[in-house]
Amino acid sequence: MTHADNRLNGRVCLVTGATSGIGEVTARVLAQMGATVIVVGRDPQRGAATLDRIKEAAPTAQVEFMLADLSSQAQVRQLVQEFKRKYSRLDVLVNNAGGVFPAHKQSVDGFEMTFTLDHLNYFLLTNLLLDTLKASTPARIVNVASEAHRRVPGMNFDDLQSERGYNSIRAYGQAKLANILFTYELARRLEGTNITVNALHPGVVATNFWLSNTRSRRNNGIIRTLATRLTRLVMISPEQGAQTSIYLAASPEVDGVTGRYFQEKKETQSSPASYDHAAAARLWQLSEAMTGL
């Protein structure tokens with residue numbers, strides 16, 4: 001896949017968590033392909049710097065920054081309102097923003113922060129943009145998940161908010177499993193609409209997201225240094241990590257492909273728990289209640 005083939009001319013793409021790492025790379029490459037790209041982030045200075053870097057790499061790129069802290073449902077709704085004021089179409093939505101928190105923390109809406117940012121954000125933003133996506137078909141939704149979803153045996157519906165003995169790895173794994181359950185359930189609900197929705201594992205990417213959380217789990221300086229160095233040895237670059245997101249957003253090879261899980265631009269099986277239709281339906285219902293949909 002070349003980056004300057006103009007295959008996305010006239011298309012509008014929105015990428016969340018796009019002021020650094022794989023999100024920024026994804027936004028830059030989609031812009032190089034001719035798309036109008038909306039970069040979503042929660043820091044205006046970082047947003048401006050990201051636009052400068054994208055325009056330096058692609059001087060004719062059509063890019064815009066929109067401000068939103070996606071852990072706040074009110075700000076998700078404000079983002080959607082701002083987007084719809086400016087744009088009448090949306091061809092590609094890339095849900096990439098996420099996080100993991102070393103200690104239990106609540107969002108402004110009163111939900112556990114990892115679950116909020118990694119799942120409820122995807123759920124609310126996508127549902128609020130569905131009408132615009134449907135008006136722009138064929139359209140694509142790309143959900144960045146993680147192999148971390150395999151760390152949990154299933155959704156713990158008795159403790160979705162991780163209030164009983166918080167563990168950051170378990171909380172993150174549950175949120176990433178929620179991403180995939182949401183992807184598969186949404187694909188079933190969108191059958192026949194010409195909107196595809198797929199999830200992916202980007203790989204273990206050398207970004208501030210991963211390294212800062214690796215450090216936060218180590219309180220011994222020597223162990224922390226060794227762990228960081230060892231982790232870096234198996235990490236891939238943000239450019240490599242973004243390739244599957246870009247592939248699912250733009251490649252003609254996945255035209256019409258929906259409800260699947262990808263790694264290294266190849267379809268693969270997610271965990272057995274991710275194919276539980278009853279769990280997916282229950283998660284959807286609970287997510288509707290949590291987001292007021």
# chains A, B, ... in the order shown; residues from 1 in each chain; ligands from 1

call {"tool": "closest_atom_pairs", "arguments": {"of": "stretch 16-100 of chain A", "to": "stretch 165-183 of chain A", "cutoff": "12 Å", "atoms": "only C-alpha atoms", "output": "JSON lines"}}
result
{"residue": "A:Asn95", "atom": "CA", "partner": "A:Asn179", "partner_atom": "CA", "distance": 9.7}
{"residue": "A:Asn96", "atom": "CA", "partner": "A:Asn179", "partner_atom": "CA", "distance": 10.7}
{"residue": "A:Ala97", "atom": "CA", "partner": "A:Asn179", "partner_atom": "CA", "distance": 11.8}
{"residue": "A:Gly98", "atom": "CA", "partner": "A:Tyr172", "partner_atom": "CA", "distance": 9.6}
{"residue": "A:Gly99", "atom": "CA", "partner": "A:Tyr172", "partner_atom": "CA", "distance": 8.0}
{"residue": "A:Val100", "atom": "CA", "partner": "A:Tyr172", "partner_atom": "CA", "distance": 6.0}

call {"tool": "write_last_selection", "arguments": {"atoms": "N, CA and C atoms", "output": "PDB file, in the first residue's frame"}}
result
ATOM      1  N   ASN A  95     -11.279   4.526  16.013  1.00  0.00           N
ATOM      2  CA  ASN A  95     -11.293   4.643  17.472  1.00  0.00           C
ATOM      3  C   ASN A  95      -9.959   4.132  17.999  1.00  0.00           C
ATOM      4  N   ASN A  96      -9.093   5.071  18.348  1.00  0.00           N
ATOM      5  CA  ASN A  96      -7.735   4.713  18.737  1.00  0.00           C
ATOM      6  C   ASN A  96      -7.379   5.165  20.150  1.00  0.00           C
ATOM      7  N   ALA A  97      -8.055   6.209  20.650  1.00  0.00           N
ATOM      8  CA  ALA A  97      -7.701   6.754  21.972  1.00  0.00           C
ATOM      9  C   ALA A  97      -7.932   5.720  23.056  1.00  0.00           C
ATOM     10  N   GLY A  98      -6.996   5.656  23.992  1.00  0.00           N
ATOM     11  CA  GLY A  98      -7.153   4.712  25.096  1.00  0.00           C
ATOM     12  C   GLY A  98      -6.148   5.006  26.188  1.00  0.00           C
ATOM     13  N   GLY A  99      -6.203   4.230  27.237  1.00  0.00           N
ATOM     14  CA  GLY A  99      -5.277   4.426  28.338  1.00  0.00           C
ATOM     15  C   GLY A  99      -5.415   3.311  29.356  1.00  0.00           C
ATOM     16  N   VAL A 100      -4.428   3.233  30.231  1.00  0.00           N
ATOM     17  CA  VAL A 100      -4.489   2.303  31.354  1.00  0.00           C
ATOM     18  C   VAL A 100      -3.920   3.049  32.548  1.00  0.00           C
TER      19      VAL A 100
END

call {"tool": "residues_around", "arguments": {"residues": "A:Trp284", "least_positions_apart": "5", "cutoff": "12 Å", "atoms": "only C-alpha atoms", "output": "MDAnalysis selection string"}}
result
chainID A and resid 119:120 122:124 127 157 178:186 189 277:279 289:293

call {"tool": "write_last_selection", "arguments": {"atoms": "N, CA and C atoms", "output": "PDB file, in the first residue's frame"}}
result
ATOM      1  N   HIS A 119     -13.417   1.750  26.458  1.00  0.00           N
ATOM      2  CA  HIS A 119     -14.648   1.156  25.911  1.00  0.00           C
ATOM      3  C   HIS A 119     -15.790   2.151  25.753  1.00  0.00           C
ATOM      4  N   LEU A 120     -16.192   2.806  26.829  1.00  0.00           N
ATOM      5  CA  LEU A 120     -17.361   3.686  26.729  1.00  0.00           C
ATOM      6  C   LEU A 120     -17.139   4.814  25.722  1.00  0.00           C
ATOM      7  N   TYR A 122     -15.407   4.552  22.875  1.00  0.00           N
ATOM      8  CA  TYR A 122     -15.668   3.956  21.568  1.00  0.00           C
ATOM      9  C   TYR A 122     -17.175   3.828  21.340  1.00  0.00           C
ATOM     10  N   PHE A 123     -17.852   3.300  22.360  1.00  0.00           N
ATOM     11  CA  PHE A 123     -19.282   3.000  22.228  1.00  0.00           C
ATOM     12  C   PHE A 123     -20.091   4.265  21.978  1.00  0.00           C
ATOM     13  N   LEU A 124     -19.864   5.295  22.787  1.00  0.00           N
ATOM     14  CA  LEU A 124     -20.660   6.512  22.672  1.00  0.00           C
ATOM     15  C   LEU A 124     -20.336   7.277  21.398  1.00  0.00           C
ATOM     16  N   ASN A 127     -21.706   5.413  18.239  1.00  0.00           N
ATOM     17  CA  ASN A 127     -23.161   5.456  18.115  1.00  0.00           C
ATOM     18  C   ASN A 127     -23.664   6.846  17.744  1.00  0.00           C
ATOM     19  N   PHE A 157     -19.129  -9.098  34.711  1.00  0.00           N
ATOM     20  CA  PHE A 157     -20.282  -8.201  34.809  1.00  0.00           C
ATOM     21  C   PHE A 157     -20.634  -7.855  36.255  1.00  0.00           C
ATOM     22  N   ALA A 178     -13.868  -5.798  25.828  1.00  0.00           N
ATOM     23  CA  ALA A 178     -15.091  -5.048  25.523  1.00  0.00           C
ATOM     24  C   ALA A 178     -15.020  -4.440  24.130  1.00  0.00           C
ATOM     25  N   ASN A 179     -13.848  -3.969  23.715  1.00  0.00           N
ATOM     26  CA  ASN A 179     -13.688  -3.441  22.354  1.00  0.00           C
ATOM     27  C   ASN A 179     -14.090  -4.466  21.305  1.00  0.00           C
ATOM     28  N   ILE A 180     -13.654  -5.693  21.510  1.00  0.00           N
ATOM     29  CA  ILE A 180     -13.903  -6.724  20.498  1.00  0.00           C
ATOM     30  C   ILE A 180     -15.349  -7.193  20.542  1.00  0.00           C
ATOM     31  N   LEU A 181     -15.900  -7.374  21.737  1.00  0.00           N
ATOM     32  CA  LEU A 181     -17.321  -7.722  21.853  1.00  0.00           C
ATOM     33  C   LEU A 181     -18.180  -6.638  21.189  1.00  0.00           C
ATOM     34  N   PHE A 182     -17.831  -5.380  21.432  1.00  0.00           N
ATOM     35  CA  PHE A 182     -18.549  -4.254  20.822  1.00  0.00           C
ATOM     36  C   PHE A 182     -18.427  -4.299  19.303  1.00  0.00           C
ATOM     37  N   THR A 183     -17.223  -4.574  18.802  1.00  0.00           N
ATOM     38  CA  THR A 183     -17.005  -4.650  17.354  1.00  0.00           C
ATOM     39  C   THR A 183     -17.893  -5.700  16.715  1.00  0.00           C
ATOM     40  N   TYR A 184     -17.918  -6.894  17.297  1.00  0.00           N
ATOM     41  CA  TYR A 184     -18.692  -7.983  16.708  1.00  0.00           C
ATOM     42  C   TYR A 184     -20.194  -7.718  16.802  1.00  0.00           C
ATOM     43  N   GLU A 185     -20.647  -7.171  17.930  1.00  0.00           N
ATOM     44  CA  GLU A 185     -22.068  -6.869  18.089  1.00  0.00           C
ATOM     45  C   GLU A 185     -22.489  -5.755  17.138  1.00  0.00           C
ATOM     46  N   LEU A 186     -21.650  -4.733  17.000  1.00  0.00           N
ATOM     47  CA  LEU A 186     -21.980  -3.642  16.083  1.00  0.00           C
ATOM     48  C   LEU A 186     -22.028  -4.137  14.642  1.00  0.00           C
ATOM     49  N   ARG A 189     -25.313  -5.691  14.103  1.00  0.00           N
ATOM     50  CA  ARG A 189     -26.384  -4.690  14.043  1.00  0.00           C
ATOM     51  C   ARG A 189     -26.336  -3.866  12.757  1.00  0.00           C
ATOM     52  N   HIS A 277     -22.022 -14.232  22.159  1.00  0.00           N
ATOM     53  CA  HIS A 277     -23.073 -13.317  21.713  1.00  0.00           C
ATOM     54  C   HIS A 277     -23.885 -12.772  22.877  1.00  0.00           C
ATOM     55  N   ALA A 278     -24.157 -13.615  23.857  1.00  0.00           N
ATOM     56  CA  ALA A 278     -24.954 -13.163  24.993  1.00  0.00           C
ATOM     57  C   ALA A 278     -24.200 -12.100  25.789  1.00  0.00           C
ATOM     58  N   ALA A 279     -22.889 -12.304  25.960  1.00  0.00           N
ATOM     59  CA  ALA A 279     -22.086 -11.307  26.676  1.00  0.00           C
ATOM     60  C   ALA A 279     -22.024 -10.000  25.898  1.00  0.00           C
ATOM     61  N   ALA A 289     -27.000   2.083  28.962  1.00  0.00           N
ATOM     62  CA  ALA A 289     -27.436   2.679  30.229  1.00  0.00           C
ATOM     63  C   ALA A 289     -26.372   3.631  30.778  1.00  0.00           C
ATOM     64  N   MET A 290     -25.112   3.237  30.699  1.00  0.00           N
ATOM     65  CA  MET A 290     -24.030   4.067  31.230  1.00  0.00           C
ATOM     66  C   MET A 290     -23.850   5.369  30.444  1.00  0.00           C
ATOM     67  N   THR A 291     -24.161   5.336  29.156  1.00  0.00           N
ATOM     68  CA  THR A 291     -23.956   6.522  28.320  1.00  0.00           C
ATOM     69  C   THR A 291     -25.252   7.295  28.061  1.00  0.00           C
ATOM     70  N   GLY A 292     -26.359   6.797  28.581  1.00  0.00           N
ATOM     71  CA  GLY A 292     -27.612   7.487  28.388  1.00  0.00           C
ATOM     72  C   GLY A 292     -28.153   7.449  26.983  1.00  0.00           C
ATOM     73  N   LEU A 293     -27.773   6.424  26.223  1.00  0.00           N
ATOM     74  CA  LEU A 293     -28.278   6.300  24.847  1.00  0.00           C
ATOM     75  C   LEU A 293     -29.648   5.643  24.883  1.00  0.00           C
TER      76      LEU A 293
END

call {"tool": "select_by_dssp", "arguments": {"residues": "stretch 74-270 of chain A", "states": "alpha helix (DSSP H)", "output": "count of residues only"}}
result
87

call {"tool": "residues_around", "arguments": {"residues": "stretch 132-134 of chain A", "least_positions_apart": "2", "cutoff": "9 Å", "atoms": "only C-alpha atoms", "output": "JSON, numbers by chain"}}
result
{"A": [84, 87, 88, 89, 90, 91, 92, 93, 128, 129, 130, 136, 137, 138, 139, 140, 141, 193, 194, 195]}

call {"tool": "closest_residue", "arguments": {"among": "A:Ser245, A:Ser146, A:Asn121, A:Asn198", "to": "A:Ala74", "atoms": "only C-alpha atoms"}}
result
A:Asn121

call {"tool": "atom_distance", "arguments": {"atom1": "atom CA of A:Asp52", "atom2": "atom CA of A:Arg7"}}
result
22.8 Å

call {"tool": "select_by_dssp", "arguments": {"residues": "stretch 46-216 of chain A", "states": "strand (DSSP E or B)", "output": "ChimeraX atom specification"}}
result
/A:62-67,92-95,106,112,139-144,195-201,205
